[in-house]
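So the structure is just underneath, and the comments pick up after that.
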Amino acid sequence: MSNIIDKLMEKDLGTLKDVAKQDLELTRLSKVFDEPFTLTVKEISYKRIADLRMLATENGVPNESDFMQLVVTEGIVSPDFGTKELLQKFQVPSKKALFSKLFKAGEMELIAQEILTLSGYGAKDIKKVTNEVKN
(Lines give C-alpha, C1' and ligand atoms only; values in the text may rest on other atoms or scores of the structure.)
Protein backbone atom coordinates (compact mmCIF):
# COMPACT_ATOMS: atom_id res chain seq x y z
CA MET A 1 0.00 0.00 0.00
CA SER A 2 1.30 3.46 -0.81
CA ASN A 3 2.11 5.82 1.97
CA ILE A 4 -0.71 8.37 2.03
CA ILE A 5 1.34 10.88 4.00
CA ASP A 6 4.06 10.84 1.31
CA LYS A 7 1.40 11.35 -1.37
CA LEU A 8 -0.04 14.31 0.54
CA MET A 9 3.41 15.81 0.91
CA GLU A 10 4.01 15.55 -2.85
CA LYS A 11 0.62 16.90 -3.94
CA ASP A 12 0.02 20.54 -4.81
CA LEU A 13 -2.38 21.81 -2.16
CA GLY A 14 -4.24 23.88 -4.77
CA THR A 15 -5.55 20.73 -6.48
CA LEU A 16 -7.22 19.67 -3.24
CA LYS A 17 -9.04 23.00 -3.05
CA ASP A 18 -10.54 22.96 -6.55
CA VAL A 19 -14.27 23.68 -6.30
CA ALA A 20 -16.41 21.01 -7.93
CA LYS A 21 -19.08 22.26 -10.32
CA GLN A 22 -21.83 20.53 -12.27
CA ASP A 23 -24.30 21.58 -14.96
CA LEU A 24 -27.90 20.46 -14.41
CA GLU A 25 -30.80 20.65 -16.82
CA LEU A 26 -34.32 21.01 -15.47
CA THR A 27 -36.36 19.15 -18.06
CA ARG A 28 -39.72 20.63 -17.05
CA LEU A 29 -38.44 24.18 -17.53
CA SER A 30 -36.63 23.17 -20.73
CA LYS A 31 -40.02 22.15 -22.11
CA VAL A 32 -41.63 25.40 -20.90
CA PHE A 33 -38.98 27.56 -22.60
CA ASP A 34 -38.48 25.23 -25.57
CA GLU A 35 -34.72 25.22 -25.01
CA PRO A 36 -32.38 23.73 -22.40
CA PHE A 37 -32.84 25.30 -18.97
CA THR A 38 -29.42 24.67 -17.50
CA LEU A 39 -28.01 25.63 -14.10
CA THR A 40 -24.43 25.44 -12.91
CA VAL A 41 -24.10 24.40 -9.28
CA LYS A 42 -21.03 24.22 -7.08
CA GLU A 43 -19.97 22.52 -3.91
CA ILE A 44 -20.34 24.34 -0.60
CA SER A 45 -17.66 24.22 2.10
CA TYR A 46 -18.22 22.38 5.36
CA LYS A 47 -18.13 25.65 7.32
CA ARG A 48 -20.75 27.22 5.06
CA ILE A 49 -22.98 24.12 5.27
CA ALA A 50 -22.79 24.39 9.07
CA ASP A 51 -23.71 28.09 8.84
CA LEU A 52 -26.70 27.29 6.59
CA ARG A 53 -27.88 24.63 9.06
CA MET A 54 -27.75 27.22 11.84
CA LEU A 55 -29.67 29.74 9.72
CA ALA A 56 -32.34 27.08 9.11
CA THR A 57 -32.72 26.34 12.82
CA GLU A 58 -35.20 28.19 14.99
CA ASN A 59 -35.45 27.67 18.75
CA GLY A 60 -33.17 24.65 18.44
CA VAL A 61 -35.41 22.98 15.86
CA PRO A 62 -33.87 22.43 12.39
CA ASN A 63 -36.10 23.20 9.40
CA GLU A 64 -35.05 20.88 6.55
CA SER A 65 -37.05 22.81 3.95
CA ASP A 66 -35.35 26.10 4.84
CA PHE A 67 -31.98 24.36 4.83
CA MET A 68 -32.56 22.94 1.33
CA GLN A 69 -33.64 26.37 0.05
CA LEU A 70 -30.49 27.92 1.49
CA VAL A 71 -28.33 25.20 -0.08
CA VAL A 72 -29.93 25.86 -3.48
CA THR A 73 -29.53 29.62 -3.10
CA GLU A 74 -25.87 29.25 -2.12
CA GLY A 75 -25.04 26.50 -4.60
CA ILE A 76 -26.42 27.84 -7.89
CA VAL A 77 -23.70 29.94 -9.50
CA SER A 78 -25.02 30.37 -13.03
CA PRO A 79 -27.08 31.96 -14.37
CA ASP A 80 -27.20 34.89 -11.98
CA PHE A 81 -30.73 34.78 -10.60
CA GLY A 82 -30.02 37.71 -8.29
CA THR A 83 -30.31 40.50 -10.85
CA LYS A 84 -32.48 43.37 -9.76
CA GLU A 85 -34.55 43.23 -12.96
CA LEU A 86 -35.32 39.52 -12.61
CA LEU A 87 -36.30 39.84 -8.95
CA GLN A 88 -38.57 42.79 -9.82
CA LYS A 89 -40.18 40.86 -12.69
CA PHE A 90 -41.12 38.04 -10.31
CA GLN A 91 -41.93 40.52 -7.52
CA VAL A 92 -39.66 38.84 -4.99
CA PRO A 93 -37.07 40.28 -2.60
CA SER A 94 -34.41 37.58 -2.99
CA LYS A 95 -33.12 34.61 -4.97
CA LYS A 96 -34.47 32.31 -2.27
CA ALA A 97 -37.98 33.65 -2.83
CA LEU A 98 -37.52 33.47 -6.60
CA PHE A 99 -36.50 29.82 -6.41
CA SER A 100 -39.62 29.05 -4.39
CA LYS A 101 -41.69 30.46 -7.27
CA LEU A 102 -39.60 29.03 -10.10
CA PHE A 103 -38.88 25.47 -8.95
CA LYS A 104 -41.26 22.76 -7.85
CA ALA A 105 -40.62 21.18 -4.45
CA GLY A 106 -39.08 18.05 -5.95
CA GLU A 107 -36.84 20.07 -8.26
CA MET A 108 -35.61 22.12 -5.30
CA GLU A 109 -34.84 18.91 -3.42
CA LEU A 110 -32.99 17.36 -6.38
CA ILE A 111 -30.91 20.49 -6.98
CA ALA A 112 -30.01 20.63 -3.28
CA GLN A 113 -29.05 16.94 -3.32
CA GLU A 114 -26.74 17.51 -6.30
CA ILE A 115 -25.07 20.41 -4.49
CA LEU A 116 -24.67 18.33 -1.33
CA THR A 117 -23.22 15.45 -3.36
CA LEU A 118 -20.65 17.82 -4.88
CA SER A 119 -19.89 18.93 -1.32
CA GLY A 120 -18.98 15.38 -0.31
CA TYR A 121 -22.29 14.25 1.18
CA GLY A 122 -22.80 11.47 -1.36
CA ALA A 123 -22.55 7.79 -0.48
CA LYS A 124 -20.23 7.29 -3.48
CA ASP A 125 -17.60 9.56 -1.94
CA ILE A 126 -16.45 7.00 0.62
CA LYS A 127 -15.61 3.39 0.02
CA LYS A 128 -15.65 1.00 2.95
CA VAL A 129 -12.55 -1.12 3.17
CA THR A 130 -12.85 -4.55 4.69
CA ASN A 131 -9.86 -6.55 5.69
CA GLU A 132 -10.53 -10.22 5.25
CA VAL A 133 -8.84 -12.59 7.62
CA LYS A 134 -6.79 -15.10 5.67
CA ASN A 135 -6.17 -18.54 7.10
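By convention in this document, the chains of the C-alpha coordinates carry letters A, B, ... by their order, each chain's residues are numbered from 1, and ligands are numbered from 1 in the order they are shown.
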| task | Pick out the residues sitting within 10 Å of A:Ile115, and hand them over as a ChimeraX atom specification; count only C-alpha atoms, and ignore anything fewer than 2 positions along from it in its own chain. | result | /A:20-22,40-44,68,71-72,74-76,109-113,117-122
With N, CA and C atoms retained, export the selected residues as a PDB file, in the first residue's frame.
```
ATOM      1  N   ALA A  20     -15.683  21.848  -6.977  1.00  0.00           N
ATOM      2  CA  ALA A  20     -16.409  21.008  -7.929  1.00  0.00           C
ATOM      3  C   ALA A  20     -17.652  21.744  -8.407  1.00  0.00           C
ATOM      4  N   LYS A  21     -17.899  21.648  -9.715  1.00  0.00           N
ATOM      5  CA  LYS A  21     -19.080  22.255 -10.323  1.00  0.00           C
ATOM      6  C   LYS A  21     -19.768  21.226 -11.204  1.00  0.00           C
ATOM      7  N   GLN A  22     -21.049  21.437 -11.443  1.00  0.00           N
ATOM      8  CA  GLN A  22     -21.830  20.525 -12.269  1.00  0.00           C
ATOM      9  C   GLN A  22     -22.933  21.304 -12.969  1.00  0.00           C
ATOM     10  N   THR A  40     -25.721  25.913 -13.381  1.00  0.00           N
ATOM     11  CA  THR A  40     -24.426  25.441 -12.912  1.00  0.00           C
ATOM     12  C   THR A  40     -24.438  25.552 -11.399  1.00  0.00           C
ATOM     13  N   VAL A  41     -24.141  24.423 -10.747  1.00  0.00           N
ATOM     14  CA  VAL A  41     -24.102  24.400  -9.283  1.00  0.00           C
ATOM     15  C   VAL A  41     -22.683  24.079  -8.840  1.00  0.00           C
ATOM     16  N   LYS A  42     -22.373  24.460  -7.622  1.00  0.00           N
ATOM     17  CA  LYS A  42     -21.030  24.225  -7.083  1.00  0.00           C
ATOM     18  C   LYS A  42     -21.132  23.622  -5.687  1.00  0.00           C
ATOM     19  N   GLU A  43     -20.032  23.042  -5.272  1.00  0.00           N
ATOM     20  CA  GLU A  43     -19.970  22.518  -3.910  1.00  0.00           C
ATOM     21  C   GLU A  43     -19.966  23.668  -2.907  1.00  0.00           C
ATOM     22  N   ILE A  44     -20.347  23.360  -1.691  1.00  0.00           N
ATOM     23  CA  ILE A  44     -20.344  24.336  -0.597  1.00  0.00           C
ATOM     24  C   ILE A  44     -19.412  23.793   0.487  1.00  0.00           C
ATOM     25  N   MET A  68     -32.683  23.284   2.753  1.00  0.00           N
ATOM     26  CA  MET A  68     -32.557  22.941   1.332  1.00  0.00           C
ATOM     27  C   MET A  68     -32.646  24.196   0.462  1.00  0.00           C
ATOM     28  N   VAL A  71     -29.341  25.932   0.689  1.00  0.00           N
ATOM     29  CA  VAL A  71     -28.332  25.200  -0.080  1.00  0.00           C
ATOM     30  C   VAL A  71     -28.469  25.540  -1.565  1.00  0.00           C
ATOM     31  N   VAL A  72     -29.692  25.534  -2.063  1.00  0.00           N
ATOM     32  CA  VAL A  72     -29.926  25.857  -3.476  1.00  0.00           C
ATOM     33  C   VAL A  72     -29.499  27.296  -3.769  1.00  0.00           C
ATOM     34  N   GLU A  74     -27.330  29.130  -2.222  1.00  0.00           N
ATOM     35  CA  GLU A  74     -25.874  29.250  -2.121  1.00  0.00           C
ATOM     36  C   GLU A  74     -25.166  28.507  -3.253  1.00  0.00           C
ATOM     37  N   GLY A  75     -25.734  27.380  -3.682  1.00  0.00           N
ATOM     38  CA  GLY A  75     -25.038  26.498  -4.604  1.00  0.00           C
ATOM     39  C   GLY A  75     -25.190  26.813  -6.077  1.00  0.00           C
ATOM     40  N   ILE A  76     -26.260  27.504  -6.461  1.00  0.00           N
ATOM     41  CA  ILE A  76     -26.417  27.842  -7.885  1.00  0.00           C
ATOM     42  C   ILE A  76     -25.533  29.046  -8.202  1.00  0.00           C
ATOM     43  N   GLU A 109     -35.482  19.995  -4.165  1.00  0.00           N
ATOM     44  CA  GLU A 109     -34.836  18.910  -3.420  1.00  0.00           C
ATOM     45  C   GLU A 109     -33.725  18.260  -4.250  1.00  0.00           C
ATOM     46  N   LEU A 110     -33.991  17.988  -5.527  1.00  0.00           N
ATOM     47  CA  LEU A 110     -32.989  17.357  -6.384  1.00  0.00           C
ATOM     48  C   LEU A 110     -31.777  18.265  -6.616  1.00  0.00           C
ATOM     49  N   ILE A 111     -32.020  19.542  -6.804  1.00  0.00           N
ATOM     50  CA  ILE A 111     -30.915  20.492  -6.977  1.00  0.00           C
ATOM     51  C   ILE A 111     -30.067  20.523  -5.710  1.00  0.00           C
ATOM     52  N   ALA A 112     -30.730  20.612  -4.561  1.00  0.00           N
ATOM     53  CA  ALA A 112     -30.014  20.634  -3.277  1.00  0.00           C
ATOM     54  C   ALA A 112     -29.191  19.360  -3.099  1.00  0.00           C
ATOM     55  N   GLN A 113     -29.771  18.208  -3.455  1.00  0.00           N
ATOM     56  CA  GLN A 113     -29.046  16.940  -3.321  1.00  0.00           C
ATOM     57  C   GLN A 113     -27.802  16.912  -4.209  1.00  0.00           C
ATOM     58  N   THR A 117     -24.087  16.506  -2.847  1.00  0.00           N
ATOM     59  CA  THR A 117     -23.218  15.446  -3.359  1.00  0.00           C
ATOM     60  C   THR A 117     -21.876  16.022  -3.795  1.00  0.00           C
ATOM     61  N   LEU A 118     -21.901  17.155  -4.491  1.00  0.00           N
ATOM     62  CA  LEU A 118     -20.652  17.820  -4.880  1.00  0.00           C
ATOM     63  C   LEU A 118     -19.842  18.220  -3.652  1.00  0.00           C
ATOM     64  N   SER A 119     -20.526  18.485  -2.554  1.00  0.00           N
ATOM     65  CA  SER A 119     -19.891  18.928  -1.319  1.00  0.00           C
ATOM     66  C   SER A 119     -19.385  17.758  -0.474  1.00  0.00           C
ATOM     67  N   GLY A 120     -19.522  16.546  -1.007  1.00  0.00           N
ATOM     68  CA  GLY A 120     -18.985  15.382  -0.311  1.00  0.00           C
ATOM     69  C   GLY A 120     -19.991  14.622   0.527  1.00  0.00           C
ATOM     70  N   TYR A 121     -21.268  14.921   0.387  1.00  0.00           N
ATOM     71  CA  TYR A 121     -22.290  14.253   1.177  1.00  0.00           C
ATOM     72  C   TYR A 121     -22.918  13.065   0.450  1.00  0.00           C
ATOM     73  N   GLY A 122     -22.276  12.602  -0.608  1.00  0.00           N
ATOM     74  CA  GLY A 122     -22.802  11.466  -1.358  1.00  0.00           C
ATOM     75  C   GLY A 122     -22.221  10.153  -0.863  1.00  0.00           C
TER      76      GLY A 122
END
```
Output as a tab-separated table (two decimals) with N, CA and C atoms, in the first residue's frame all residues of stretch 20-116 of chain A that backbone DSSP marks as strand (DSSP E or B).
```
chain	number	residue	atom	x	y	z
A	21	LYS	N	-17.90	21.65	-9.71
A	21	LYS	CA	-19.08	22.26	-10.32
A	21	LYS	C	-19.77	21.23	-11.20
A	22	GLN	N	-21.05	21.44	-11.44
A	22	GLN	CA	-21.83	20.53	-12.27
A	22	GLN	C	-22.93	21.30	-12.97
A	23	ASP	N	-23.17	20.99	-14.24
A	23	ASP	CA	-24.30	21.58	-14.96
A	23	ASP	C	-25.49	20.64	-14.83
A	24	LEU	N	-26.65	21.21	-14.55
A	24	LEU	CA	-27.90	20.46	-14.41
A	24	LEU	C	-28.94	21.04	-15.35
A	25	GLU	N	-29.69	20.19	-15.99
A	25	GLU	CA	-30.80	20.65	-16.82
A	25	GLU	C	-32.11	20.28	-16.14
A	38	THR	N	-30.57	25.25	-18.16
A	38	THR	CA	-29.42	24.67	-17.50
A	38	THR	C	-28.90	25.57	-16.38
A	39	LEU	N	-28.59	24.94	-15.26
A	39	LEU	CA	-28.01	25.63	-14.10
A	39	LEU	C	-26.61	25.09	-13.88
A	40	THR	N	-25.72	25.91	-13.38
A	40	THR	CA	-24.43	25.44	-12.91
A	40	THR	C	-24.44	25.55	-11.40
A	41	VAL	N	-24.14	24.42	-10.75
A	41	VAL	CA	-24.10	24.40	-9.28
A	41	VAL	C	-22.68	24.08	-8.84
A	42	LYS	N	-22.37	24.46	-7.62
A	42	LYS	CA	-21.03	24.22	-7.08
A	42	LYS	C	-21.13	23.62	-5.69
A	57	THR	N	-32.30	26.86	11.52
A	57	THR	CA	-32.72	26.34	12.82
A	57	THR	C	-33.34	27.46	13.64
A	58	GLU	N	-34.51	27.19	14.16
A	58	GLU	CA	-35.20	28.19	14.99
A	58	GLU	C	-35.59	27.55	16.32
A	61	VAL	N	-34.75	23.95	16.73
A	61	VAL	CA	-35.41	22.98	15.86
A	61	VAL	C	-34.98	23.23	14.41
A	62	PRO	N	-34.29	22.24	13.78
A	62	PRO	CA	-33.87	22.43	12.39
A	62	PRO	C	-35.06	22.35	11.43
A	76	ILE	N	-26.26	27.50	-6.46
A	76	ILE	CA	-26.42	27.84	-7.89
A	76	ILE	C	-25.53	29.05	-8.20
A	77	VAL	N	-24.62	28.85	-9.15
A	77	VAL	CA	-23.70	29.94	-9.50
A	77	VAL	C	-23.99	30.56	-10.86
A	78	SER	N	-24.72	29.84	-11.70
A	78	SER	CA	-25.02	30.37	-13.03
A	78	SER	C	-26.31	29.74	-13.53
```
| request: Mind listing the alpha helix (DSSP H) residues of chain A, per DSSP on the backbone, as a ChimeraX atom specification? | output: /A:4-10,13-16,27-33,46-55,64-75,84-89,95-102,105-116
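Distance-wise, atom CA of A:Leu98 and atom CA of A:Arg28 end up 16.7 Å apart.
The shell of residues at most 12 Å from stretch 92-94 of chain A, with only C-alpha atoms counted and near chain neighbours (fewer than 3 positions) removed, consists of A:Gln69, A:Leu70, A:Thr73, A:Glu74, A:Asp80, A:Phe81, A:Gly82, A:Thr83, A:Lys84, A:Glu85, A:Leu86, A:Leu87, A:Gln88, A:Lys89, A:Ala97, A:Leu98, A:Phe99, A:Ser100, A:Lys101, A:Leu102.
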Writing out the chosen residues with N, CA, C and O atoms as a CSV table (one decimal), in the first residue's frame:
```
chain,number,residue,atom,x,y,z
A,69,GLN,N,-33.5,25.1,0.8
A,69,GLN,CA,-33.6,26.4,0.1
A,69,GLN,C,-32.3,27.2,0.1
A,69,GLN,O,-31.9,27.8,-0.8
A,70,LEU,N,-31.8,27.2,1.3
A,70,LEU,CA,-30.5,27.9,1.5
A,70,LEU,C,-29.4,27.3,0.7
A,70,LEU,O,-28.5,27.9,0.1
A,73,THR,N,-29.9,28.2,-2.9
A,73,THR,CA,-29.5,29.6,-3.1
A,73,THR,C,-28.0,29.8,-3.1
A,73,THR,O,-27.5,30.6,-3.9
A,74,GLU,N,-27.3,29.1,-2.2
A,74,GLU,CA,-25.9,29.3,-2.1
A,74,GLU,C,-25.2,28.5,-3.3
A,74,GLU,O,-24.1,28.9,-3.7
A,80,ASP,N,-27.0,34.0,-13.1
A,80,ASP,CA,-27.2,34.9,-12.0
A,80,ASP,C,-28.7,35.2,-11.8
A,80,ASP,O,-29.2,36.1,-12.5
A,81,PHE,N,-29.3,34.5,-10.9
A,81,PHE,CA,-30.7,34.8,-10.6
A,81,PHE,C,-31.0,36.0,-9.7
A,81,PHE,O,-32.1,36.3,-9.3
A,82,GLY,N,-29.9,36.6,-9.2
A,82,GLY,CA,-30.0,37.7,-8.3
A,82,GLY,C,-30.1,39.1,-8.9
A,82,GLY,O,-30.0,40.1,-8.2
A,83,THR,N,-30.3,39.2,-10.2
A,83,THR,CA,-30.3,40.5,-10.9
A,83,THR,C,-31.6,41.2,-10.4
A,83,THR,O,-32.6,40.7,-10.2
A,84,LYS,N,-31.4,42.5,-10.2
A,84,LYS,CA,-32.5,43.4,-9.8
A,84,LYS,C,-33.7,43.3,-10.7
A,84,LYS,O,-34.8,43.2,-10.2
A,85,GLU,N,-33.5,43.3,-12.0
A,85,GLU,CA,-34.5,43.2,-13.0
A,85,GLU,C,-35.4,41.9,-12.9
A,85,GLU,O,-36.6,41.9,-12.9
A,86,LEU,N,-34.6,40.8,-12.7
A,86,LEU,CA,-35.3,39.5,-12.6
A,86,LEU,C,-36.2,39.4,-11.3
A,86,LEU,O,-37.3,39.0,-11.4
A,87,LEU,N,-35.6,39.9,-10.2
A,87,LEU,CA,-36.3,39.8,-9.0
A,87,LEU,C,-37.5,40.7,-9.0
A,87,LEU,O,-38.6,40.4,-8.5
A,88,GLN,N,-37.4,41.9,-9.7
A,88,GLN,CA,-38.6,42.8,-9.8
A,88,GLN,C,-39.6,42.2,-10.7
A,88,GLN,O,-40.8,42.2,-10.4
A,89,LYS,N,-39.2,41.5,-11.8
A,89,LYS,CA,-40.2,40.9,-12.7
A,89,LYS,C,-41.0,39.8,-11.9
A,89,LYS,O,-42.2,39.7,-12.2
A,97,ALA,N,-36.5,33.5,-2.5
A,97,ALA,CA,-38.0,33.7,-2.8
A,97,ALA,C,-38.3,33.4,-4.3
A,97,ALA,O,-39.3,32.7,-4.6
A,98,LEU,N,-37.4,33.8,-5.2
A,98,LEU,CA,-37.5,33.5,-6.6
A,98,LEU,C,-37.5,32.0,-6.8
A,98,LEU,O,-38.4,31.4,-7.6
A,99,PHE,N,-36.6,31.3,-6.2
A,99,PHE,CA,-36.5,29.8,-6.4
A,99,PHE,C,-37.8,29.1,-5.9
A,99,PHE,O,-38.2,28.1,-6.5
A,100,SER,N,-38.4,29.6,-4.9
A,100,SER,CA,-39.6,29.1,-4.4
A,100,SER,C,-40.7,29.2,-5.4
A,100,SER,O,-41.6,28.3,-5.5
A,101,LYS,N,-40.7,30.3,-6.2
A,101,LYS,CA,-41.7,30.5,-7.3
A,101,LYS,C,-41.3,29.7,-8.5
A,101,LYS,O,-42.2,29.2,-9.2
A,102,LEU,N,-40.1,29.6,-8.8
A,102,LEU,CA,-39.6,29.0,-10.1
A,102,LEU,C,-39.6,27.5,-10.1
A,102,LEU,O,-39.9,26.9,-11.1
```
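Distance annotation: of A:Pro79, A:Lys127, A:Asp12, A:Met108, the residue with the minimal separation from A:Phe37 is A:Pro79; atom set is only C-alpha atoms.
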